[in-house]
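Notes follow once the structure below has been shown.
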Amino acid sequence: FKHVQQGRFGSHEIRIVDGKVKLTTGAMLASISDDVVEWNANGESVKWTMLKPQDLDGMWSSSRGGFKHVEQGFYGTHEVRIIGGAVKVSTGATLVSISDDTVEWRSRGEPVQWTRLMPQDLDGIWWSASGCMKHVVNGQLNGLYPIVREGTTVGCRECRAVSMTEDSITWEQDDVLIVWSKQDSQAAPQPSKDALVPGVFSGKKRVNPSTLRFCQDSIPKRFRDGRLLTDTLRELQAGTVGVDDIPKISV
């Protein structure tokens, strides 16, 4: 990314020299439109385009703790928008500076910094859905397998991170999804009498999903009809699909 403020970006300056727009890097302005600037640098064309919400897609670590996974300009239920030329999040935060690997926001007067996810950001103890412990130290899993950065995400062995929340990460391997959580399986909330409440269908019970445990640590990434789980997640976030549109499961 290039963040231009007061005619400067980083240590470089934009100048008018003999009626021509130039950068102190030596590049010269060749053409310009509302959203695109084209420079000529050493005989080669370099284009800048105005930032779009989707340009922030990828996995980020927040200075306030936890992770942010931006997909198609959304993270969780929040949306990144361009309003009056400014980049804003539906939480009210406004982008104030950006570089290749760092985005700084201003939220309620306080700075919040996102940095592209690095292997060391995953350091700590994780639990798979089946209750197996995963210990990451200095970006290395269980002292054996290095976690490496892959573009805007990370990978480990034959797995690639495909989704993140504040306290969980989902890996994909051979069309199978594997979920890690920061929550200790022993400390997970246990079902109580309040976890089961009367349902509205056939006298059965509604169950709080957070009380359910699993017998394996992975699931297929597609439903039986071939649809992707991630596509359904985006439809739920966008409101084009409702919870009641999804068939219920037996547990």
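Each chain in the structure tokens gets a letter, A, B and so on, in the order shown; residues start at 1 in every chain, and ligands are counted from 1 in the order they appear.
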| said: With only C-alpha atoms as the counted atoms, please give the residues lying no more than 10 Å from A:Lys20, apart from itself and same-chain residues fewer than 5 positions off, as an MDAnalysis selection string. | reply: chainID A and resid 15 28:30
| request: Show which residues sit within 10 Å of A:Phe74, as a ChimeraX atom specification. Count only C-alpha atoms, and ignore same-chain residues fewer than 4 positions away. | output: /A:53-54,56-57,68-70,78-81,89-90,234,237-238
| Between atom CA of A:Gly65 and atom CA of A:Asp123 - distance in Å to one decimal |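 For atom CA of A:Asp123 relative to atom CA of A:Gly65, the distance reads 12.6 Å.
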| message | I'd like the contact shell of A:Arg160 - 7 Å cut-off, only C-alpha atoms, skipping same-chain residues fewer than 5 positions apart - returned as a list in words. | response |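 Here the answer would be Val154, Gly155, Trp171, Glu172 and Gln173 of chain A.
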| request: Work out how far atom CA of A:Ser99 is from atom CA of A:Ser11, in Å to one decimal. | output: 12.3 Å
Taking 6 positions as the minimum chain separation for residues in the same chain, which residues sit within 8 Å of A:Thr24 when counting only C-alpha atoms? Answer as a PDB file with all heavy atoms, in the first residue's frame.
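Dumped to part_24.pdb:
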```
ATOM      1  N   HIS A  12       9.255   9.346   0.944  1.00  0.00           N
ATOM      2  CA  HIS A  12       9.259   9.906  -0.406  1.00  0.00           C
ATOM      3  C   HIS A  12       8.307  11.096  -0.530  1.00  0.00           C
ATOM      4  O   HIS A  12       7.314  11.197   0.192  1.00  0.00           O
ATOM      5  CB  HIS A  12       8.884   8.827  -1.424  1.00  0.00           C
ATOM      6  CG  HIS A  12       9.766   7.618  -1.367  1.00  0.00           C
ATOM      7  ND1 HIS A  12      11.122   7.670  -1.613  1.00  0.00           N
ATOM      8  CD2 HIS A  12       9.500   6.323  -1.057  1.00  0.00           C
ATOM      9  CE1 HIS A  12      11.647   6.468  -1.471  1.00  0.00           C
ATOM     10  NE2 HIS A  12      10.686   5.626  -1.134  1.00  0.00           N
ATOM     11  N   GLU A  13       8.592  11.955  -1.495  1.00  0.00           N
ATOM     12  CA  GLU A  13       7.818  13.174  -1.665  1.00  0.00           C
ATOM     13  C   GLU A  13       7.361  13.303  -3.123  1.00  0.00           C
ATOM     14  O   GLU A  13       8.078  12.911  -4.052  1.00  0.00           O
ATOM     15  CB  GLU A  13       8.672  14.389  -1.284  1.00  0.00           C
ATOM     16  CG  GLU A  13       7.920  15.708  -1.335  1.00  0.00           C
ATOM     17  CD  GLU A  13       8.801  16.877  -0.927  1.00  0.00           C
ATOM     18  OE1 GLU A  13       9.981  16.635  -0.592  1.00  0.00           O
ATOM     19  OE2 GLU A  13       8.307  18.022  -0.962  1.00  0.00           O
ATOM     20  N   ILE A  14       6.161  13.824  -3.317  1.00  0.00           N
ATOM     21  CA  ILE A  14       5.657  14.137  -4.651  1.00  0.00           C
ATOM     22  C   ILE A  14       5.938  15.612  -4.914  1.00  0.00           C
ATOM     23  O   ILE A  14       5.598  16.473  -4.104  1.00  0.00           O
ATOM     24  CB  ILE A  14       4.149  13.854  -4.753  1.00  0.00           C
ATOM     25  CG1 ILE A  14       3.864  12.373  -4.433  1.00  0.00           C
ATOM     26  CG2 ILE A  14       3.618  14.213  -6.133  1.00  0.00           C
ATOM     27  CD1 ILE A  14       2.398  12.028  -4.363  1.00  0.00           C
ATOM     28  N   ARG A  15       6.562  15.916  -6.065  1.00  0.00           N
ATOM     29  CA  ARG A  15       6.961  17.279  -6.367  1.00  0.00           C
ATOM     30  C   ARG A  15       6.507  17.678  -7.776  1.00  0.00           C
ATOM     31  O   ARG A  15       6.298  16.814  -8.638  1.00  0.00           O
ATOM     32  CB  ARG A  15       8.484  17.432  -6.288  1.00  0.00           C
ATOM     33  CG  ARG A  15       9.084  17.146  -4.925  1.00  0.00           C
ATOM     34  CD  ARG A  15      10.599  17.163  -4.996  1.00  0.00           C
ATOM     35  NE  ARG A  15      11.210  16.947  -3.688  1.00  0.00           N
ATOM     36  CZ  ARG A  15      12.522  16.756  -3.501  1.00  0.00           C
ATOM     37  NH1 ARG A  15      13.338  16.757  -4.547  1.00  0.00           N
ATOM     38  NH2 ARG A  15      13.004  16.572  -2.287  1.00  0.00           N
TER      39      ARG A  15
END
```
| request: For atom CA of A:Ser61 and atom CA of A:Arg8, quote the distance in Å rounded to one decimal. | output: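 We find that atom CA of A:Ser61 and atom CA of A:Arg8 lie 27.0 Å from each other.
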| said: At a cut-off of 9 Å, using only C-alpha atoms, what residues contact stretch 139-147 of chain A? Leave out same-chain residues fewer than 6 positions from it and give the result as a ChimeraX atom specification. | reply: /A:118-123,154-157
| request: Pick out the closest residue to A:Val96 from this set: A:Gly151, A:Pro247, A:Gly109, A:Gly43. Count only C-alpha atoms. | output: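 Closest to A:Val96, using only C-alpha atoms: A:Gly109.
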| query | Which of stretch 26-194 of chain A counts as strand (DSSP E) under DSSP, as a VMD selection string please? | reply | chain A and resid 28 to 32 36 to 41 44 to 49 58 to 62 67 to 70 74 to 75 78 to 83 86 to 89 94 to 98 102 to 107 110 to 116 124 to 128 133 to 137 140 to 141 145 to 150 153 to 156 159 to 164 168 to 173 176 to 181
| task | Kindly indicate which residue among A:Ala129, A:Val112, A:Val37, A:Ala93 lies nearest to A:Arg64, using only C-alpha atoms for the distances. | result |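 For A:Arg64, the nearest of the given residues is A:Val112.
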| task | Find the residues around A:Ser31 up to 12 Å (only C-alpha atoms counted), leave out those fewer than 5 positions away in its own chain, and share them as a ChimeraX atom specification. | result | /A:20-22,36-40,45-48
| said: Just checking: using only C-alpha atoms, which residue out of A:Glu104, A:Asp175, A:Glu71, A:Asp34 ends up closest to A:Leu233? | reply: A:Glu71
